[in-house]
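Working notes, beginning with the structure itself.
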Amino acid sequence: MVVELESFFGVYLLYCTNPKFKGRIYIGFTVNPERRIGQHNAGRHRGGAKRTSGRGPWEMILIIHGFPSDIAALRFEWAWQHPHSSRRLSHVSRRSRKESSLQFHWRVVSNMLRVGPWNRLPLTVRWLKQEYKMDFDPRLQPPLHIPIAFGSVRTKKTPQEARQEEDSSSRCFLCKQSLKLSDKMSCFRPSCEMESHVICLAKHFLKSEPSHLLPVEGECPACHQSVLWGGLIRYKHGCFGDLEETTPSASHSRWTDELQL
């Protein structure tokens, strides 16, 4: 099954299958996974990275997605590549002799998903190649709102004009102002018709956590059911059903860009 998502920002892990370089990994950022793996395997002259050129074939085995912007994803990429330079990851020990490069970087990302700001983002851990799947250490389980998914992911473009169009028949449940399609958040409960601005609903959820920038969970103002912020974001992007089938558990505005490493 291939899942199609809008506003895609992901950080991926490549695994080298070339016998001469087997076991090497590469971490990168992409807005288009299918195109990016093709570039890596085609070589530097076709858009691939210097470190992967001439060392293929590479497989994209894991991708973390759901970042609110390219800036947030690039910060995650940098910390994953340089864990011992990030103040958020000072507790992560260096790679042991018994660890493969893949095992070490899995341990690093497992720790990353448990610390701020990443532990509050509506991220998804997606294994693109299930044969490489590794389980989380029981001590490093991610927050419940970060699910594990399986299968390929593809970016989906939406016409800019449609995204900017105002839906005059829709009003924000909270501020009562008109809604733009690109800024509309809806409750996924079958009997609930709540629609609101992303910002309005975020502020409503954060009333109980005023010190935070990004909500994790809250009560729908219409049906009064508890809902996960990540679930609302995934529902907005059309991948909510995909995650429900695989595990229990962006068009964000750029106000989350001020999240720091």
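By convention here, the chains of the structure tokens are called A, B, ... in the order presented, each chain's residues are numbered starting at 1, and ligands are numbered starting at 1 in the order presented.
When DSSP is run on the backbone, the residues of segment 166-228 of chain A that fall into strand (DSSP E or B) are Glu166, Asp167, Ser168, Ser169, Ser170, Arg171, Ser178, Leu179, Lys180, Lys184, Met185, Ser186, Glu195, Ser196, His197, Glu217, Gly218, Glu219, Ser226, Val227 and Leu228 of chain A.
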Restrict the selected residues to C-alpha atoms and save them as a PDB file, in the first residue's frame.
ATOM      1  CA  GLU A 166     -12.148  30.532   1.120  1.00  0.00           C
ATOM      2  CA  ASP A 167     -14.980  28.201   1.934  1.00  0.00           C
ATOM      3  CA  SER A 168     -17.702  30.743   2.595  1.00  0.00           C
ATOM      4  CA  SER A 169     -20.036  28.068   3.971  1.00  0.00           C
ATOM      5  CA  SER A 170     -17.564  27.083   6.680  1.00  0.00           C
ATOM      6  CA  ARG A 171     -17.005  28.987   9.925  1.00  0.00           C
ATOM      7  CA  SER A 178     -14.605  32.117   7.782  1.00  0.00           C
ATOM      8  CA  LEU A 179     -12.256  29.234   7.058  1.00  0.00           C
ATOM      9  CA  LYS A 180      -9.739  28.770   4.267  1.00  0.00           C
ATOM     10  CA  LYS A 184      -9.216  23.991   8.248  1.00  0.00           C
ATOM     11  CA  MET A 185      -8.981  21.380  10.985  1.00  0.00           C
ATOM     12  CA  SER A 186     -11.819  18.873  11.412  1.00  0.00           C
ATOM     13  CA  GLU A 195     -14.285  22.611  11.976  1.00  0.00           C
ATOM     14  CA  SER A 196     -11.846  25.279  13.106  1.00  0.00           C
ATOM     15  CA  HIS A 197      -8.653  27.137  12.279  1.00  0.00           C
ATOM     16  CA  GLU A 217      -3.931  16.007  23.192  1.00  0.00           C
ATOM     17  CA  GLY A 218      -7.113  17.893  23.964  1.00  0.00           C
ATOM     18  CA  GLU A 219     -10.899  17.860  24.128  1.00  0.00           C
ATOM     19  CA  SER A 226     -10.495  13.449  23.872  1.00  0.00           C
ATOM     20  CA  VAL A 227      -8.476  13.520  20.624  1.00  0.00           C
ATOM     21  CA  LEU A 228      -4.772  13.414  19.828  1.00  0.00           C
TER      22      LEU A 228
END
May I have the residues within 9 Å of segment 23-36 of chain A as a VMD selection string, using only C-alpha atoms and disregarding those fewer than 6 positions away in the same chain?
chain A and resid 7 to 17 47 to 48 51 to 52 58 60 63 70 73 to 74 76 to 78 80 to 81 100 to 102 105 152 to 155
DSSP on the backbone: which residues in segment 26-68 of chain A end up as helix (DSSP H, G or I)? Give the answer as a list of chain:residue names.
A:Pro33, A:Glu34, A:Arg35, A:Arg36, A:Ile37, A:Gly38, A:Gln39, A:His40, A:Asn41, A:Ala42, A:Arg44, A:His45, A:Arg46
If you count only C-alpha atoms, the residue of A:Arg55, A:Arg88, A:His212, A:Arg126 closest to Gly43 of chain A turns out to be A:Arg55
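The residue that comes closest to Trp127 of chain A, out of A:Ile64, A:Ala222, A:Val115, A:Ile71 and on the basis of only C-alpha atoms, is A:Ile64.
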Compare A:Cys192, A:Cys187, A:Val216, A:Leu62 by their minimum atom-to-atom distance to Trp229 of chain A, counting only C-alpha atoms, and give me the closest one.
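Between A:Cys192, A:Cys187, A:Val216, A:Leu62, the residue approaching Trp229 of chain A most closely is A:Val216.
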Find the spatial neighbours of Val125 of chain A, counting only C-alpha atoms, within a cut-off of 12 Å - ignore same-chain residues fewer than 3 positions away - and output them as a VMD selection string.
chain A and resid 10 to 13 61 to 67 106 109 to 110 112 to 113 121 to 122 128 133 to 136 141 to 153 243 246 to 247 249
Go ahead and save the picked residues with N, CA and C atoms, as a compact mmCIF listing (two decimals), in the first residue's frame.
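again.txt written:
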# COMPACT_ATOMS: atom_id res chain seq x y z
N GLY A 10 10.17 14.97 5.42
CA GLY A 10 10.62 13.76 6.08
C GLY A 10 12.14 13.69 6.23
N VAL A 11 12.58 12.91 7.20
CA VAL A 11 14.01 12.64 7.40
C VAL A 11 14.18 11.13 7.31
N TYR A 12 15.03 10.70 6.38
CA TYR A 12 15.12 9.28 6.05
C TYR A 12 16.48 8.69 6.40
N LEU A 13 16.49 7.36 6.43
CA LEU A 13 17.73 6.62 6.66
C LEU A 13 17.93 5.66 5.49
N ILE A 61 15.15 2.73 3.97
CA ILE A 61 14.48 1.73 4.79
C ILE A 61 13.58 2.32 5.88
N LEU A 62 13.83 3.58 6.25
CA LEU A 62 13.09 4.19 7.35
C LEU A 62 12.93 5.68 7.08
N ILE A 63 11.77 6.22 7.41
CA ILE A 63 11.58 7.66 7.28
C ILE A 63 10.72 8.16 8.44
N ILE A 64 11.11 9.27 9.01
CA ILE A 64 10.33 9.94 10.06
C ILE A 64 9.65 11.11 9.39
N HIS A 65 8.33 11.16 9.42
CA HIS A 65 7.64 12.27 8.75
C HIS A 65 6.52 12.83 9.63
N GLY A 66 5.95 13.95 9.19
CA GLY A 66 4.94 14.64 9.98
C GLY A 66 5.46 15.96 10.53
N PHE A 67 6.66 16.38 10.09
CA PHE A 67 7.21 17.66 10.54
C PHE A 67 6.38 18.81 10.00
N TRP A 106 19.56 3.83 15.09
CA TRP A 106 18.21 3.51 15.59
C TRP A 106 18.11 3.88 17.07
N VAL A 109 17.78 7.77 17.24
CA VAL A 109 16.45 8.30 16.90
C VAL A 109 15.41 7.88 17.94
N SER A 110 15.60 6.71 18.55
CA SER A 110 14.69 6.30 19.63
C SER A 110 14.74 7.29 20.79
N MET A 112 15.73 10.46 20.46
CA MET A 112 15.25 11.75 19.96
C MET A 112 13.74 11.90 20.09
N LEU A 113 13.02 10.81 19.83
CA LEU A 113 11.57 10.86 19.87
C LEU A 113 11.02 11.01 21.29
N LEU A 121 5.77 16.71 18.63
CA LEU A 121 5.36 16.84 17.22
C LEU A 121 4.53 15.63 16.79
N PRO A 122 3.61 15.82 15.84
CA PRO A 122 2.77 14.70 15.36
C PRO A 122 3.52 13.85 14.33
N LEU A 128 9.92 1.64 5.58
CA LEU A 128 9.67 1.47 4.15
C LEU A 128 10.05 0.07 3.69
N LYS A 133 13.15 -3.84 9.85
CA LYS A 133 12.47 -3.30 11.02
C LYS A 133 13.16 -3.71 12.32
N MET A 134 13.30 -2.75 13.23
CA MET A 134 13.83 -3.01 14.56
C MET A 134 12.81 -2.53 15.59
N ASP A 135 12.76 -3.21 16.70
CA ASP A 135 11.83 -2.83 17.76
C ASP A 135 12.47 -1.78 18.67
N PHE A 136 11.63 -0.97 19.26
CA PHE A 136 12.12 0.00 20.24
C PHE A 136 12.54 -0.75 21.51
N GLN A 141 10.56 3.56 24.48
CA GLN A 141 9.32 3.59 23.72
C GLN A 141 8.93 5.04 23.43
N PRO A 142 8.48 5.33 22.20
CA PRO A 142 8.07 6.70 21.87
C PRO A 142 6.75 7.05 22.54
N PRO A 143 6.39 8.33 22.59
CA PRO A 143 5.07 8.72 23.13
C PRO A 143 3.95 8.04 22.34
N LEU A 144 2.81 7.87 22.97
CA LEU A 144 1.70 7.17 22.35
C LEU A 144 1.18 7.85 21.09
N HIS A 145 1.40 9.16 20.97
CA HIS A 145 0.88 9.87 19.80
C HIS A 145 1.81 9.76 18.59
N ILE A 146 2.94 9.07 18.75
CA ILE A 146 3.85 8.84 17.62
C ILE A 146 3.73 7.37 17.21
N PRO A 147 2.98 7.07 16.15
CA PRO A 147 2.75 5.69 15.74
C PRO A 147 3.86 5.14 14.85
N ILE A 148 3.83 3.82 14.67
CA ILE A 148 4.71 3.15 13.73
C ILE A 148 3.86 2.70 12.55
N ALA A 149 4.33 2.97 11.34
CA ALA A 149 3.60 2.58 10.13
C ALA A 149 4.53 1.81 9.21
N PHE A 150 3.95 1.15 8.22
CA PHE A 150 4.72 0.36 7.27
C PHE A 150 4.25 0.65 5.85
N GLY A 151 5.17 0.57 4.91
CA GLY A 151 4.81 0.76 3.51
C GLY A 151 5.31 2.06 2.94
N SER A 152 5.21 2.17 1.63
CA SER A 152 5.74 3.33 0.91
C SER A 152 4.88 4.57 1.13
N VAL A 153 5.50 5.72 0.92
CA VAL A 153 4.81 7.00 1.04
C VAL A 153 5.14 7.84 -0.19
N LEU A 243 -2.77 4.72 9.39
CA LEU A 243 -2.10 4.52 10.67
C LEU A 243 -2.96 3.68 11.60
N THR A 246 -2.25 0.06 11.09
CA THR A 246 -0.92 -0.49 11.36
C THR A 246 -0.55 -0.49 12.83
N THR A 247 -0.99 0.51 13.59
CA THR A 247 -0.59 0.58 14.99
C THR A 247 -1.64 1.28 15.83
N SER A 249 -2.10 4.13 18.66
CA SER A 249 -1.36 5.30 19.14
C SER A 249 -2.07 6.53 19.61
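As for atom CA of Glu99 of chain A and atom CA of Leu140 of chain A, they are spaced 16.6 Å apart.
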Set the distance at 10 Å and use only C-alpha atoms: which residues neighbour Arg94 of chain A once local chain neighbours fewer than 6 positions away are removed? I'd like the list as a list in words.
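Once the nearby chain positions are removed, what remains is Pro83, His84, Phe104 and Val108 of chain A.
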Residue with smallest distance to Pro117 of chain A - pool A:Pro221, A:Pro215, A:Pro210, A:Pro190, counting only C-alpha atoms
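Counting only C-alpha atoms, the residue closest to Pro117 of chain A is A:Pro215.
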